[in-house]
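**Student:** Have a look at the structure that comes next, please.
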Amino acid sequence: MISPAPSRPLRLGVNIDHVATIRNARGGDHPDPVRAAQIVAAVGGDGITAHLREDRRHIRDADLQRIQEATDLPLNLEMAATEEMLAIALKHRPHAACIVPEKREERTTEGGLDAAGLHNTLTPIVWKLKDNDIRVSLFIEADERQLDAALRLGVPVVEFHTGEYAHAHLDGDRERMSAELKRIADMSALAVKNGIEPHAGHGLTYENVQPIAAIPQLAELNIGHYLVGEAIFTGLEHAVRHMRELMDEAR
Ligand code: PXP
């Protein structure tokens, strides 16, 4: 009997940005994203993800150091490809940096980075991060052109954007969902074949996470908004634990 290819362990990175969104709504220091990071560490999350946006609408500069001091979990800094963010990454030296597209007027990251079109802008940023032992990831759409661009840039990791998959799930559009899922699965396999570690994230929930978590090549999911939302009703410990259970069950 031929046994199926073994799945790799799937890490859960928890994006704590929206704890800071709630804090900033009142301008004080509660709820503190650092406390959220400590809870994630205590309940078995594998990493903390934080996006320092140009407008500092959620995570702020001072949060980064506080998060790094408060837990031993690896910090994955999501950042735009700008000189300002590069300088901040080099100062804080997070475990990983995920380069994302950023538009001031968007509510959240709306799509993948055009790694192919931005090759010349990204090259020096990727190399400086790599020179400083920061694991570079590019947040891209699951398509061959972008994966090929990531390969040419020499990044060790890509994170596939699952936003379209999540939208299709919300719309109840099964056909679009399975097309998106296939795209992500195919590109995850191609990434591994080319020596790149594939991650995925955006818009993942209890209801839609399992088909993504079942893609055997994926090494990490980054999930934020839904977990922070669920935490309001059931607590962050429970939300992270339950997401972890669903991911494990899918493997
Ligand atoms: N991964 C990346 C690169 C992101 O930009 C985001 C959103 O900040 C996430 C994952 C998490 O998405 P969500 O908050 O929808 O779970």
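Labeling convention for the structure tokens: chains A, B, ... as they appear, residues from 1 per chain, ligands from 1 in order of appearance.
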Please write out the residues within 9 Å of ligand 1 as a compact mmCIF listing (two decimals) with N, CA, C and O atoms, in the first residue's frame, counting only C-alpha atoms and all ligand atoms.
**Tutor:**
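File produced: part.txt:
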```txt
# COMPACT_ATOMS: atom_id res chain seq x y z
N GLY A 13 0.83 31.48 13.24
CA GLY A 13 1.30 32.81 13.62
C GLY A 13 0.06 33.66 13.88
O GLY A 13 -0.86 33.70 13.05
N VAL A 14 0.02 34.30 15.04
CA VAL A 14 -1.16 35.10 15.37
C VAL A 14 -0.85 36.57 15.18
O VAL A 14 0.10 37.11 15.75
N ASN A 15 -1.69 37.19 14.34
CA ASN A 15 -1.52 38.61 14.05
C ASN A 15 -2.29 39.42 15.10
O ASN A 15 -3.52 39.31 15.19
N ILE A 16 -1.55 40.19 15.89
CA ILE A 16 -2.17 40.88 17.04
C ILE A 16 -2.48 42.35 16.75
O ILE A 16 -2.81 43.11 17.66
N ASP A 17 -2.41 42.74 15.47
CA ASP A 17 -2.64 44.14 15.11
C ASP A 17 -3.93 44.71 15.70
O ASP A 17 -3.97 45.86 16.15
N HIS A 18 -5.00 43.90 15.63
CA HIS A 18 -6.29 44.50 15.96
C HIS A 18 -6.55 44.62 17.46
O HIS A 18 -7.50 45.28 17.86
N THR A 49 2.69 37.85 14.72
CA THR A 49 2.79 38.65 13.50
C THR A 49 2.26 40.05 13.80
O THR A 49 1.24 40.19 14.48
N ALA A 50 2.99 41.06 13.34
CA ALA A 50 2.55 42.44 13.56
C ALA A 50 2.90 43.26 12.34
O ALA A 50 3.98 43.13 11.78
N HIS A 51 1.95 44.10 11.94
CA HIS A 51 2.14 44.93 10.75
C HIS A 51 2.28 46.39 11.21
O HIS A 51 1.32 46.98 11.69
N GLU A 78 5.37 42.41 9.47
CA GLU A 78 4.85 42.72 8.13
C GLU A 78 5.19 44.16 7.83
O GLU A 78 4.95 45.05 8.65
N MET A 79 5.74 44.39 6.67
CA MET A 79 6.23 45.75 6.36
C MET A 79 6.10 46.07 4.87
O MET A 79 6.19 45.19 4.02
N CYS A 98 7.89 40.05 6.53
CA CYS A 98 7.04 39.71 5.38
C CYS A 98 6.72 41.01 4.65
O CYS A 98 6.08 41.91 5.22
N ILE A 99 7.17 41.11 3.42
CA ILE A 99 6.95 42.35 2.68
C ILE A 99 5.57 42.31 2.03
O ILE A 99 5.23 41.35 1.33
N VAL A 100 4.80 43.35 2.35
CA VAL A 100 3.40 43.39 1.89
C VAL A 100 3.18 44.68 1.10
O VAL A 100 3.88 45.67 1.32
N PRO A 101 2.18 44.68 0.21
CA PRO A 101 1.86 45.95 -0.46
C PRO A 101 1.09 46.81 0.54
O PRO A 101 0.44 46.27 1.44
N GLU A 102 1.19 48.09 0.43
CA GLU A 102 0.46 48.93 1.40
C GLU A 102 -0.06 50.17 0.70
O GLU A 102 0.69 50.88 0.05
N THR A 108 -7.48 47.03 4.85
CA THR A 108 -6.51 45.99 5.19
C THR A 108 -5.75 45.66 3.91
O THR A 108 -6.10 46.16 2.85
N THR A 109 -4.72 44.83 4.02
CA THR A 109 -3.96 44.48 2.83
C THR A 109 -4.92 43.82 1.83
O THR A 109 -5.55 42.82 2.14
N GLU A 110 -5.01 44.41 0.64
CA GLU A 110 -6.07 43.98 -0.27
C GLU A 110 -5.65 42.96 -1.31
O GLU A 110 -6.46 42.49 -2.08
N GLY A 111 -4.40 42.65 -1.38
CA GLY A 111 -3.98 41.68 -2.39
C GLY A 111 -2.50 41.44 -2.21
O GLY A 111 -1.86 42.01 -1.33
N GLY A 112 -1.97 40.59 -3.08
CA GLY A 112 -0.55 40.28 -2.97
C GLY A 112 0.32 41.38 -3.55
O GLY A 112 -0.14 42.27 -4.27
N LEU A 138 7.66 37.11 1.07
CA LEU A 138 6.89 38.03 0.22
C LEU A 138 5.44 37.58 0.24
O LEU A 138 5.16 36.39 0.03
N PHE A 139 4.55 38.52 0.48
CA PHE A 139 3.11 38.22 0.49
C PHE A 139 2.61 38.36 -0.95
O PHE A 139 2.53 39.48 -1.47
N ILE A 140 2.33 37.24 -1.59
CA ILE A 140 2.00 37.27 -3.02
C ILE A 140 0.73 36.48 -3.33
O ILE A 140 0.31 35.64 -2.53
N GLU A 159 4.37 34.03 1.35
CA GLU A 159 3.07 33.84 1.99
C GLU A 159 2.00 34.06 0.93
O GLU A 159 1.94 35.14 0.33
N PHE A 160 1.19 33.04 0.69
CA PHE A 160 0.14 33.18 -0.32
C PHE A 160 -1.08 33.87 0.28
O PHE A 160 -1.53 33.54 1.38
N HIS A 161 -1.60 34.82 -0.50
CA HIS A 161 -2.78 35.59 -0.09
C HIS A 161 -4.03 34.72 -0.21
O HIS A 161 -4.34 34.23 -1.30
N THR A 162 -4.73 34.52 0.89
CA THR A 162 -5.93 33.68 0.86
C THR A 162 -7.21 34.52 0.85
O THR A 162 -8.31 34.00 1.07
N GLY A 163 -7.06 35.83 0.61
CA GLY A 163 -8.21 36.74 0.66
C GLY A 163 -9.30 36.39 -0.34
O GLY A 163 -10.50 36.42 -0.01
N ALA A 166 -11.15 33.42 0.83
CA ALA A 166 -12.04 33.78 1.95
C ALA A 166 -13.29 34.51 1.44
O ALA A 166 -14.40 34.25 1.92
N HIS A 199 3.82 29.81 3.06
CA HIS A 199 2.91 30.14 4.15
C HIS A 199 1.62 30.64 3.50
O HIS A 199 1.58 30.85 2.28
N ALA A 200 0.59 30.87 4.31
CA ALA A 200 -0.64 31.43 3.75
C ALA A 200 -1.35 32.25 4.81
O ALA A 200 -1.16 32.03 6.01
N GLY A 201 -2.17 33.18 4.38
CA GLY A 201 -2.94 33.97 5.33
C GLY A 201 -3.78 35.02 4.69
O GLY A 201 -3.57 35.39 3.53
N HIS A 202 -4.70 35.49 5.43
CA HIS A 202 -5.65 36.57 5.17
C HIS A 202 -7.08 36.06 5.09
O HIS A 202 -7.40 35.20 4.28
N GLY A 203 -7.89 36.58 6.00
CA GLY A 203 -9.32 36.26 5.99
C GLY A 203 -9.66 34.85 6.47
O GLY A 203 -10.77 34.37 6.23
N LEU A 204 -8.73 34.19 7.15
CA LEU A 204 -9.01 32.81 7.58
C LEU A 204 -9.84 32.81 8.87
O LEU A 204 -9.64 33.65 9.76
N THR A 205 -10.77 31.87 8.94
CA THR A 205 -11.72 31.77 10.05
C THR A 205 -11.87 30.31 10.47
O THR A 205 -11.38 29.41 9.77
N LEU A 221 0.40 29.32 8.89
CA LEU A 221 -0.73 30.19 8.59
C LEU A 221 -0.63 31.40 9.50
O LEU A 221 -0.30 31.26 10.68
N ASN A 222 -0.91 32.58 8.96
CA ASN A 222 -0.96 33.79 9.78
C ASN A 222 -2.39 34.29 9.82
O ASN A 222 -2.99 34.57 8.79
N ILE A 223 -2.91 34.36 11.04
CA ILE A 223 -4.34 34.65 11.22
C ILE A 223 -4.48 35.73 12.30
O ILE A 223 -3.87 35.64 13.36
N GLY A 224 -5.32 36.75 12.01
CA GLY A 224 -5.43 37.83 12.97
C GLY A 224 -6.83 38.30 13.27
O GLY A 224 -7.38 38.04 14.34
N HIS A 225 -7.46 38.96 12.30
CA HIS A 225 -8.71 39.67 12.56
C HIS A 225 -9.78 38.76 13.18
O HIS A 225 -10.42 39.13 14.17
N TYR A 226 -9.93 37.59 12.64
CA TYR A 226 -10.99 36.69 13.13
C TYR A 226 -10.70 36.25 14.57
O TYR A 226 -11.61 36.18 15.41
N LEU A 227 -9.44 35.96 14.87
CA LEU A 227 -9.10 35.50 16.22
C LEU A 227 -9.33 36.61 17.25
O LEU A 227 -9.84 36.35 18.34
N VAL A 228 -8.97 37.83 16.88
CA VAL A 228 -9.18 38.94 17.83
C VAL A 228 -10.68 39.18 17.99
O VAL A 228 -11.17 39.43 19.10
```
**Student:** When DSSP is applied to the backbone of this structure, which of segment 43-227 of chain A are assigned strand (DSSP E)? Write them out as number ranges by chain.
**Tutor:** A: 47-51, 75-79, 96-99, 135-140, 157-161, 197-201, 220-223
**Student:** Grab the residues selected above and save them as a short mmCIF file (atom, residue, chain, number, x, y, z; two decimals), in the first residue's frame with N, CA and C atoms.
**Tutor:**
```cif
data_model
loop_
_atom_site.label_atom_id
_atom_site.label_comp_id
_atom_site.auth_asym_id
_atom_site.auth_seq_id
_atom_site.Cartn_x
_atom_site.Cartn_y
_atom_site.Cartn_z
N GLY A 47 4.02 31.86 16.71
CA GLY A 47 4.68 33.10 16.37
C GLY A 47 3.72 34.27 16.50
N ILE A 48 4.31 35.45 16.57
CA ILE A 48 3.53 36.69 16.63
C ILE A 48 3.77 37.44 15.33
N THR A 49 2.69 37.85 14.72
CA THR A 49 2.79 38.65 13.50
C THR A 49 2.26 40.05 13.80
N ALA A 50 2.99 41.06 13.34
CA ALA A 50 2.55 42.44 13.56
C ALA A 50 2.90 43.26 12.34
N HIS A 51 1.95 44.10 11.94
CA HIS A 51 2.14 44.93 10.75
C HIS A 51 2.28 46.39 11.21
N LEU A 75 9.07 36.83 16.08
CA LEU A 75 8.24 37.94 15.58
C LEU A 75 8.36 38.02 14.07
N ASN A 76 7.21 38.03 13.43
CA ASN A 76 7.14 38.19 11.98
C ASN A 76 6.63 39.62 11.73
N LEU A 77 7.52 40.48 11.26
CA LEU A 77 7.14 41.88 11.02
C LEU A 77 6.63 42.03 9.60
N GLU A 78 5.37 42.41 9.47
CA GLU A 78 4.85 42.72 8.13
C GLU A 78 5.19 44.16 7.83
N MET A 79 5.74 44.39 6.67
CA MET A 79 6.23 45.75 6.36
C MET A 79 6.10 46.07 4.87
N ALA A 96 11.51 37.29 11.32
CA ALA A 96 11.12 37.29 9.91
C ALA A 96 10.52 38.64 9.54
N ALA A 97 10.62 38.95 8.26
CA ALA A 97 9.95 40.15 7.75
C ALA A 97 9.17 39.73 6.51
N CYS A 98 7.89 40.05 6.53
CA CYS A 98 7.04 39.71 5.38
C CYS A 98 6.72 41.01 4.65
N ILE A 99 7.17 41.11 3.42
CA ILE A 99 6.95 42.35 2.68
C ILE A 99 5.57 42.31 2.03
N ARG A 135 14.59 36.50 8.16
CA ARG A 135 14.02 35.57 7.18
C ARG A 135 12.98 36.33 6.35
N VAL A 136 13.23 36.50 5.08
CA VAL A 136 12.36 37.35 4.27
C VAL A 136 11.26 36.53 3.60
N SER A 137 10.08 37.10 3.68
CA SER A 137 8.94 36.49 3.03
C SER A 137 8.27 37.54 2.15
N LEU A 138 7.66 37.11 1.07
CA LEU A 138 6.89 38.03 0.22
C LEU A 138 5.44 37.58 0.24
N PHE A 139 4.55 38.52 0.48
CA PHE A 139 3.11 38.22 0.49
C PHE A 139 2.61 38.36 -0.95
N ILE A 140 2.33 37.24 -1.59
CA ILE A 140 2.00 37.27 -3.02
C ILE A 140 0.73 36.48 -3.33
N VAL A 157 10.99 32.36 1.77
CA VAL A 157 9.58 32.12 2.14
C VAL A 157 8.66 32.97 1.26
N VAL A 158 7.51 32.42 0.91
CA VAL A 158 6.43 33.25 0.37
C VAL A 158 5.18 33.00 1.20
N GLU A 159 4.37 34.03 1.35
CA GLU A 159 3.07 33.84 1.99
C GLU A 159 2.00 34.06 0.93
N PHE A 160 1.19 33.04 0.69
CA PHE A 160 0.14 33.18 -0.32
C PHE A 160 -1.08 33.87 0.28
N HIS A 161 -1.60 34.82 -0.50
CA HIS A 161 -2.78 35.59 -0.09
C HIS A 161 -4.03 34.72 -0.21
N GLU A 197 9.76 28.01 1.21
CA GLU A 197 8.77 27.54 2.19
C GLU A 197 7.47 28.34 2.03
N PRO A 198 6.35 27.66 1.74
CA PRO A 198 5.10 28.40 1.56
C PRO A 198 4.31 28.59 2.86
N HIS A 199 3.82 29.81 3.06
CA HIS A 199 2.91 30.14 4.15
C HIS A 199 1.62 30.64 3.50
N ALA A 200 0.59 30.87 4.31
CA ALA A 200 -0.64 31.43 3.75
C ALA A 200 -1.35 32.25 4.81
N GLY A 201 -2.17 33.18 4.38
CA GLY A 201 -2.94 33.97 5.33
C GLY A 201 -3.78 35.02 4.69
N GLU A 220 3.05 27.36 7.49
CA GLU A 220 2.58 28.34 8.49
C GLU A 220 1.34 29.07 7.98
N LEU A 221 0.40 29.32 8.89
CA LEU A 221 -0.73 30.19 8.59
C LEU A 221 -0.63 31.40 9.50
N ASN A 222 -0.91 32.58 8.96
CA ASN A 222 -0.96 33.79 9.78
C ASN A 222 -2.39 34.29 9.82
N ILE A 223 -2.91 34.36 11.04
CA ILE A 223 -4.34 34.65 11.22
C ILE A 223 -4.48 35.73 12.30
#
```
**Student:** So which residues touch Asn194 of chain A within 10 Å, counting only C-alpha atoms, skipping near sequence neighbours fewer than 6 positions away, as a PDB file with N, CA, C and O atoms, in the first residue's frame?
**Tutor:**
```
ATOM      1  N   LEU A 147       5.458  33.752  -8.119  1.00  0.00           N
ATOM      2  CA  LEU A 147       6.356  32.781  -7.478  1.00  0.00           C
ATOM      3  C   LEU A 147       7.721  32.793  -8.172  1.00  0.00           C
ATOM      4  O   LEU A 147       8.773  32.748  -7.513  1.00  0.00           O
ATOM      5  N   ASP A 148       7.695  32.928  -9.471  1.00  0.00           N
ATOM      6  CA  ASP A 148       8.926  32.987 -10.237  1.00  0.00           C
ATOM      7  C   ASP A 148       9.729  34.246  -9.847  1.00  0.00           C
ATOM      8  O   ASP A 148      10.958  34.196  -9.685  1.00  0.00           O
ATOM      9  N   LEU A 151      11.363  33.657  -6.577  1.00  0.00           N
ATOM     10  CA  LEU A 151      12.546  32.791  -6.775  1.00  0.00           C
ATOM     11  C   LEU A 151      13.737  33.630  -7.240  1.00  0.00           C
ATOM     12  O   LEU A 151      14.852  33.480  -6.747  1.00  0.00           O
ATOM     13  N   PRO A 156      13.530  33.063   1.009  1.00  0.00           N
ATOM     14  CA  PRO A 156      13.327  31.692   1.480  1.00  0.00           C
ATOM     15  C   PRO A 156      11.860  31.319   1.688  1.00  0.00           C
ATOM     16  O   PRO A 156      11.527  30.142   1.811  1.00  0.00           O
ATOM     17  N   SER A 188       1.803  26.036  -3.763  1.00  0.00           N
ATOM     18  CA  SER A 188       2.525  25.582  -2.565  1.00  0.00           C
ATOM     19  C   SER A 188       3.457  24.431  -2.939  1.00  0.00           C
ATOM     20  O   SER A 188       4.623  24.380  -2.521  1.00  0.00           O
TER      21      SER A 188
END
```
**Student:** Which polymer residues have any atom within 10 Å of an atom of Arg66 of chain A, counting only C-alpha atoms, with same-chain residues fewer than 2 positions away left out, as a list in words?
**Tutor:**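 My reading of the contact set: Pro33, Val34, Arg35, Ala37, Asp61, Ala62, Asp63, Leu64, Gln68, Glu69, Ala70 and Thr71 of chain A.
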**Student:** Using only C-alpha atoms, pick whichever of A:Leu190, A:Ala20, A:Met177, A:Val155 has the shortest atom-to-atom distance to Leu52 of chain A.
**Tutor:**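 Using only C-alpha atoms, the shortest distance to Leu52 of chain A belongs to A:Ala20.
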**Student:** Which of segment 6-241 of chain A end up as helix (DSSP H, G or I) when DSSP is run on this backbone - answer as number ranges by chain?
**Tutor:** A: 17-26, 33-42, 61-70, 83-92, 119-131, 144-153, 163-170, 174-193, 209-213, 225-234, 236-241
